[in-house]
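Chemist: Pasting a structure here, questions to come.
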Amino acid sequence: MTALPTGTAKRRTPRNRGGGWIGKVMFHALMLGIAAIFLLPFWWMLISAFKNNADIFSLDITWWPDPVRWENVVALFTRPDFPFLRQFGNSVFYAGMVTLGTVLSCSVAAYSFACLRWKGRDAVFALTIGTLLIPAIVTFLPTYIVFARMGLVGTYWPLIAPAFLGEAFYIFMMRQFFLGVPRELIDAARLDGAAEFRIFWQIVLPQAQTALVVVALFSIVYTWHEFFGPLIYLNDRNDYPLSVGLFTFRTQRAVEWPITMMGSLFTALPLIVMFLFTRRLFREGLATSSLK
Amino acid sequence: MTSTPAPSLRRRRSGRSEALAGWLFALPWLVKLGLLTLLPLVATIAMGFMTMPITGMPRWVGMANYDQMFADPAFLKSAQNSLMFAFISVPIKLVLALGLALLLHRARALAGFYQTVFYLPFLMPAVAGSIVFILLLTPGAGPVNLALEGLGLDPPDWLRDPQAALWTLVLISIWPLGVETLVFLGGLQNIPKDVNEAAELDSPRSWHRLVWITMPLITPMILFNLVIGIISSFQIFVQALVIGGTEGQPAQSTLMFMVVIYRTAFRYFNLGYAAALSTMLFLAVLAVTVLVFWSARRWVHYEGDTT
């Protein structure tokens with residue numbers, strides 16, 4: 001198999017069996033039914049965010065909030081016991097910094113694994129892939145003790161700094177993209193006497209822009225979701241990212257469903273909007289990393 | 001991978017500097033691989049034989065943590081729960097994802113829309129997703145029970161019945177199956193057209209084609225999804241914590257292995273015991289992965305047999 005990004009090369013089998021328009025209608029009815037099931041939790045989150053508790057627990061199921069309680073939005077943003085905007089900002093900062101570090105460090109490492117020949121490279125790369133099997137908690141405990149003794153618990157340092165050294169999965173992903181950069185291009189530049197860093201910066205990276213964006217997108221999503229690290233390392237409500245903030249609010253105020261749902265909605269929304277604008281890239285990333 | 005060799009004279013001269021550059025470019029990652037991955041792995045295994053106060057000196061206790069483990073009901077219960085969860089959720093998730101992928105592969109009109117819809121749940125942070133499911137499954141507040149009653153079924157008490165709560169976790173964790181689905185879909189779309197056409201002539205029944213032609217060709221994707229599914233299901237944490245808290249309510253039925261490690265380390269600050277538990281988790285993941293890859297030689301078909 002070629003190592004070129006595969007997502008774009010779609011082969012479509014013409015299929016005209018299954019008979020005419022009745023088959024088509026039944027097929028789409030089935031698909032829309034399944035789609036509705038998958039969308040139900042989103043819809044329920046959305047409408048519950050604009051109800052009050054009484055509406056949510058009213059005996060007849062309503063599919064649309066009546067009245068639409070816009071004041072829930074204001075309530076979410078102004079509650080003293082749920083610093084939502086602050087936590088939103090924390091999430092943006094956290095995801096942004098981790099993503100910056102990840103893209104920088106992983107592109108450098110992936111270039112080394114994909115385009116440079118050095119002794120032991122393939123063994124180190126195999127080891128890198130192997131570390132994906134290690135459950136996160138296994139490396140987490142000793143690292144936590146070290147960070148704790150350094151007095152860094154309660155700060156974002158333990159959560160962000162390691163990202164600037166690389167992350168096995170994204171190195172793997174980027175390497176797959178870099179392997180698609182024509183070898184001749186690199187060798188030609190080398191014959192011209194270009195330094196390795198210039199080859200990386202001016203030739204390989206521009207060819208692999210898609211890879212950088214794809215890795216950045218995945219990193220944003222995963223960091224936005226990240227729960228265990230912030231839960232352990234941070235201990236002030238004002239420092240939490242949204243994942244832990246929402247969890248904490250829910251634990252303390254389990255009965256306040258409208259605010260919890262509004263919080264969930266605004267936690268999920270940025271990722272959904274981002275995804276809708278970059279769907280193609282997500283698919284490409286998946287295609288490249290799974291079809292070895 | 002094929003790469004055209006550069007002229008050999010040139011290679012010999014640039015080899016040294018290329019190797020040096022290779023090490024330099026890999027250096028940040030090598031630091032992390034060594035100091036933040038492999039060293040902690042060794043440290044955790046060692047800590048499993050110690051008592052480990054957050055401050056103060058660790059003390060070697062030999063096998064004491066492991067002796068304690070096999071008499072610890074929380075360990076036994078959570079290991080059992082996590083295995084159950086993995087053996088239930090992974091097959092269901094894979095079968096559903098494959099089914100959806102086959103359907104998506106047929107879709108022409110609206111294909112992009114369907115793909116987006118099936119992928120969306122993956123974007124929902126697990127905390128938010130779990131909370132929404134609690135509401136959906138709460139009798140009187142969510143539509144799920146009503147729909148089941150409408151179908152003449154007797155809905156379980158999803159969140160309070162110990163018999164049902166594990167299935168609730170399964171339900172919550174299979175909702176985001178977009179990644180697995182798209183991986184399968186990629187595999188289906190990569191099947192060469194002529195293979196399908198030949199197969200249609202050969203075997204007119206679509207079930208036969210699915211089992212004998214399509215399935216073998218996507219076994220690499222099945223392996224990929226299976227390995228990732230097992231590894232991640234052994235480590236389920238967020239959903240379990242939201243549904244059951246640190247006690248695995250109701251009646252320890254959602255007490256997962258990671259929850260026990262979490263509370264041992266960061267509630268009870270018993271880091272030595274937590275390290276021993278983590279080591280067990282690592283060994284379990286390792287054993288199952290080795291087993292799956294070993295069995296894969298028998299059932300995974302690689303295109304051209306060389307990669």
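Labels used: A, B, ... for chains in the order of the structure tokens, numbers from 1 for residues in each chain, and numbers from 1 for ligands as shown.
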Would you mind listing, as a list in words, all residues of chain B that have at least one atom within 6 Å of chain A, where only C-alpha atoms are what counts?
Modeler: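 Per the criterion, chain B yields Ala19, Gly22, Phe25, Ala26, Pro28, Trp29, Lys32, Thr37, Pro40, Leu41, Met124, Pro125, Ala128, Gly140, Ala141, Gln189 and Ser278 of chain B.
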Chemist: Export N, CA and C atoms of the chosen residues as a PDB file, in the first residue's frame?
Modeler:
```pdb
ATOM      1  N   ALA B  19      22.488  11.274  10.305  1.00  0.00           N
ATOM      2  CA  ALA B  19      22.237  10.540  11.545  1.00  0.00           C
ATOM      3  C   ALA B  19      22.228  11.487  12.736  1.00  0.00           C
ATOM      4  N   GLY B  22      19.133  13.314  12.712  1.00  0.00           N
ATOM      5  CA  GLY B  22      18.065  12.413  13.130  1.00  0.00           C
ATOM      6  C   GLY B  22      17.937  12.351  14.637  1.00  0.00           C
ATOM      7  N   PHE B  25      16.664  15.793  16.009  1.00  0.00           N
ATOM      8  CA  PHE B  25      15.238  16.022  15.796  1.00  0.00           C
ATOM      9  C   PHE B  25      14.397  15.133  16.710  1.00  0.00           C
ATOM     10  N   ALA B  26      14.903  13.947  16.995  1.00  0.00           N
ATOM     11  CA  ALA B  26      14.134  13.027  17.835  1.00  0.00           C
ATOM     12  C   ALA B  26      14.352  13.301  19.313  1.00  0.00           C
ATOM     13  N   PRO B  28      13.771  15.681  21.719  1.00  0.00           N
ATOM     14  CA  PRO B  28      12.696  15.976  22.689  1.00  0.00           C
ATOM     15  C   PRO B  28      11.859  14.740  22.997  1.00  0.00           C
ATOM     16  N   TRP B  29      11.512  14.023  21.934  1.00  0.00           N
ATOM     17  CA  TRP B  29      10.700  12.834  22.142  1.00  0.00           C
ATOM     18  C   TRP B  29      11.470  11.760  22.917  1.00  0.00           C
ATOM     19  N   LYS B  32      11.236  12.490  26.496  1.00  0.00           N
ATOM     20  CA  LYS B  32       9.949  12.120  27.082  1.00  0.00           C
ATOM     21  C   LYS B  32       9.795  10.603  27.155  1.00  0.00           C
ATOM     22  N   THR B  37       8.061   8.236  30.290  1.00  0.00           N
ATOM     23  CA  THR B  37       7.297   7.044  29.936  1.00  0.00           C
ATOM     24  C   THR B  37       7.948   5.779  30.506  1.00  0.00           C
ATOM     25  N   PRO B  40       9.039   6.112  34.434  1.00  0.00           N
ATOM     26  CA  PRO B  40       7.866   5.971  35.311  1.00  0.00           C
ATOM     27  C   PRO B  40       7.260   4.573  35.300  1.00  0.00           C
ATOM     28  N   LEU B  41       7.311   3.903  34.134  1.00  0.00           N
ATOM     29  CA  LEU B  41       6.796   2.535  34.080  1.00  0.00           C
ATOM     30  C   LEU B  41       7.559   1.658  35.071  1.00  0.00           C
ATOM     31  N   MET B 124     -18.538  14.880  21.954  1.00  0.00           N
ATOM     32  CA  MET B 124     -19.125  15.248  23.237  1.00  0.00           C
ATOM     33  C   MET B 124     -18.179  14.830  24.358  1.00  0.00           C
ATOM     34  N   PRO B 125     -17.734  15.772  25.176  1.00  0.00           N
ATOM     35  CA  PRO B 125     -16.881  15.376  26.299  1.00  0.00           C
ATOM     36  C   PRO B 125     -17.602  14.338  27.162  1.00  0.00           C
ATOM     37  N   ALA B 128     -19.950  15.521  29.952  1.00  0.00           N
ATOM     38  CA  ALA B 128     -21.220  16.059  29.484  1.00  0.00           C
ATOM     39  C   ALA B 128     -22.109  14.944  28.947  1.00  0.00           C
ATOM     40  N   GLY B 140     -39.393   9.637  34.203  1.00  0.00           N
ATOM     41  CA  GLY B 140     -40.159  10.860  34.376  1.00  0.00           C
ATOM     42  C   GLY B 140     -39.531  12.074  33.739  1.00  0.00           C
ATOM     43  N   ALA B 141     -38.205  12.038  33.487  1.00  0.00           N
ATOM     44  CA  ALA B 141     -37.563  13.200  32.882  1.00  0.00           C
ATOM     45  C   ALA B 141     -37.114  12.916  31.460  1.00  0.00           C
ATOM     46  N   GLN B 189     -14.135   1.325   1.736  1.00  0.00           N
ATOM     47  CA  GLN B 189     -13.939   2.120   0.524  1.00  0.00           C
ATOM     48  C   GLN B 189     -12.628   1.797  -0.156  1.00  0.00           C
ATOM     49  N   SER B 278      -2.029  -0.486  39.466  1.00  0.00           N
ATOM     50  CA  SER B 278      -1.709  -0.016  38.111  1.00  0.00           C
ATOM     51  C   SER B 278      -0.871  -1.044  37.372  1.00  0.00           C
TER      52      SER B 278
END
```
Chemist: Among stretch 37-283 of chain B, which ones does DSSP place in strand (DSSP E), written as a list in words?
Modeler: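 Restricting stretch 37-283 of chain B to strand (DSSP E) produces Met50, Thr51, Arg59 and Trp60 of chain B.
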Chemist: Write to file, as a PDB file, in the first residue's frame, the residues of the selection just made, with C-alpha atoms.
Modeler:
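Output below, filename result-v9.pdb:
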```pdb
ATOM      1  CA  MET B  50       6.598  -0.283  48.600  1.00  0.00           C
ATOM      2  CA  THR B  51       4.503   1.886  50.815  1.00  0.00           C
ATOM      3  CA  ARG B  59       9.537   1.673  52.492  1.00  0.00           C
ATOM      4  CA  TRP B  60      10.048  -1.696  50.813  1.00  0.00           C
TER       5      TRP B  60
END
```
Chemist: Quick one: everything within 12 Å of B:Val95, counting only C-alpha atoms, minus sequence neighbours fewer than 5 positions away in the same chain. Send it as a list in words.
Modeler: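 Final neighbour list, sorted by chain and number: Ile88, Ser89, Val90, Leu100, Ala101, Leu102, Ile174, Leu177, Glu180, Thr181, Phe184, Met215, Ile222, Asn225 and Leu226 of chain B.
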Chemist: Could you write those residues out with N, CA and C atoms, as a PDB file, in the first residue's frame?
Modeler:
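Result file result-v4.pdb:
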```pdb
ATOM      1  N   ILE B  88     -18.574  -7.033  27.293  1.00  0.00           N
ATOM      2  CA  ILE B  88     -19.887  -6.671  26.759  1.00  0.00           C
ATOM      3  C   ILE B  88     -19.771  -5.535  25.752  1.00  0.00           C
ATOM      4  N   SER B  89     -19.062  -4.470  26.133  1.00  0.00           N
ATOM      5  CA  SER B  89     -19.143  -3.254  25.314  1.00  0.00           C
ATOM      6  C   SER B  89     -18.329  -3.350  24.026  1.00  0.00           C
ATOM      7  N   VAL B  90     -17.161  -3.990  24.075  1.00  0.00           N
ATOM      8  CA  VAL B  90     -16.329  -3.997  22.866  1.00  0.00           C
ATOM      9  C   VAL B  90     -17.006  -4.727  21.703  1.00  0.00           C
ATOM     10  N   LEU B 100     -23.087   0.067  10.857  1.00  0.00           N
ATOM     11  CA  LEU B 100     -23.256   1.445  10.389  1.00  0.00           C
ATOM     12  C   LEU B 100     -22.357   1.726   9.195  1.00  0.00           C
ATOM     13  N   ALA B 101     -21.127   1.205   9.252  1.00  0.00           N
ATOM     14  CA  ALA B 101     -20.196   1.453   8.144  1.00  0.00           C
ATOM     15  C   ALA B 101     -20.721   0.823   6.861  1.00  0.00           C
ATOM     16  N   LEU B 102     -21.280  -0.390   6.969  1.00  0.00           N
ATOM     17  CA  LEU B 102     -21.831  -1.039   5.775  1.00  0.00           C
ATOM     18  C   LEU B 102     -22.981  -0.219   5.212  1.00  0.00           C
ATOM     19  N   ILE B 174     -21.023   3.204  24.199  1.00  0.00           N
ATOM     20  CA  ILE B 174     -21.075   2.846  22.775  1.00  0.00           C
ATOM     21  C   ILE B 174     -21.687   3.956  21.928  1.00  0.00           C
ATOM     22  N   LEU B 177     -19.470   6.015  18.748  1.00  0.00           N
ATOM     23  CA  LEU B 177     -18.763   4.998  17.978  1.00  0.00           C
ATOM     24  C   LEU B 177     -18.359   5.502  16.599  1.00  0.00           C
ATOM     25  N   GLU B 180     -14.728   4.398  15.286  1.00  0.00           N
ATOM     26  CA  GLU B 180     -14.686   3.011  14.824  1.00  0.00           C
ATOM     27  C   GLU B 180     -15.417   2.879  13.482  1.00  0.00           C
ATOM     28  N   THR B 181     -16.574   3.549  13.385  1.00  0.00           N
ATOM     29  CA  THR B 181     -17.353   3.466  12.155  1.00  0.00           C
ATOM     30  C   THR B 181     -16.565   3.995  10.961  1.00  0.00           C
ATOM     31  N   PHE B 184     -13.858   1.600   9.853  1.00  0.00           N
ATOM     32  CA  PHE B 184     -14.423   0.527   9.028  1.00  0.00           C
ATOM     33  C   PHE B 184     -14.783   1.041   7.640  1.00  0.00           C
ATOM     34  N   MET B 215     -15.536  -9.208   4.682  1.00  0.00           N
ATOM     35  CA  MET B 215     -14.967  -9.338   6.020  1.00  0.00           C
ATOM     36  C   MET B 215     -13.468  -9.623   6.012  1.00  0.00           C
ATOM     37  N   ILE B 222     -10.650  -4.429  11.729  1.00  0.00           N
ATOM     38  CA  ILE B 222     -11.249  -5.069  12.896  1.00  0.00           C
ATOM     39  C   ILE B 222     -10.199  -5.195  13.994  1.00  0.00           C
ATOM     40  N   ASN B 225      -9.535  -1.710  15.568  1.00  0.00           N
ATOM     41  CA  ASN B 225     -10.621  -1.297  16.465  1.00  0.00           C
ATOM     42  C   ASN B 225     -10.701  -2.167  17.713  1.00  0.00           C
ATOM     43  N   LEU B 226     -10.408  -3.459  17.540  1.00  0.00           N
ATOM     44  CA  LEU B 226     -10.493  -4.384  18.664  1.00  0.00           C
ATOM     45  C   LEU B 226      -9.429  -4.037  19.705  1.00  0.00           C
TER      46      LEU B 226
END
```
Chemist: For atom CA of B:Asp72 and atom CA of B:Phe266, determine how far apart the two atoms are, in Å to one decimal place.
Modeler: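 Those two atoms sit 17.9 Å apart.
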Chemist: With distances taken over only C-alpha atoms, which of A:Val273, A:Asn52, A:Ala161, A:Gly33 is nearest to A:Val255?
Modeler: A:Asn52
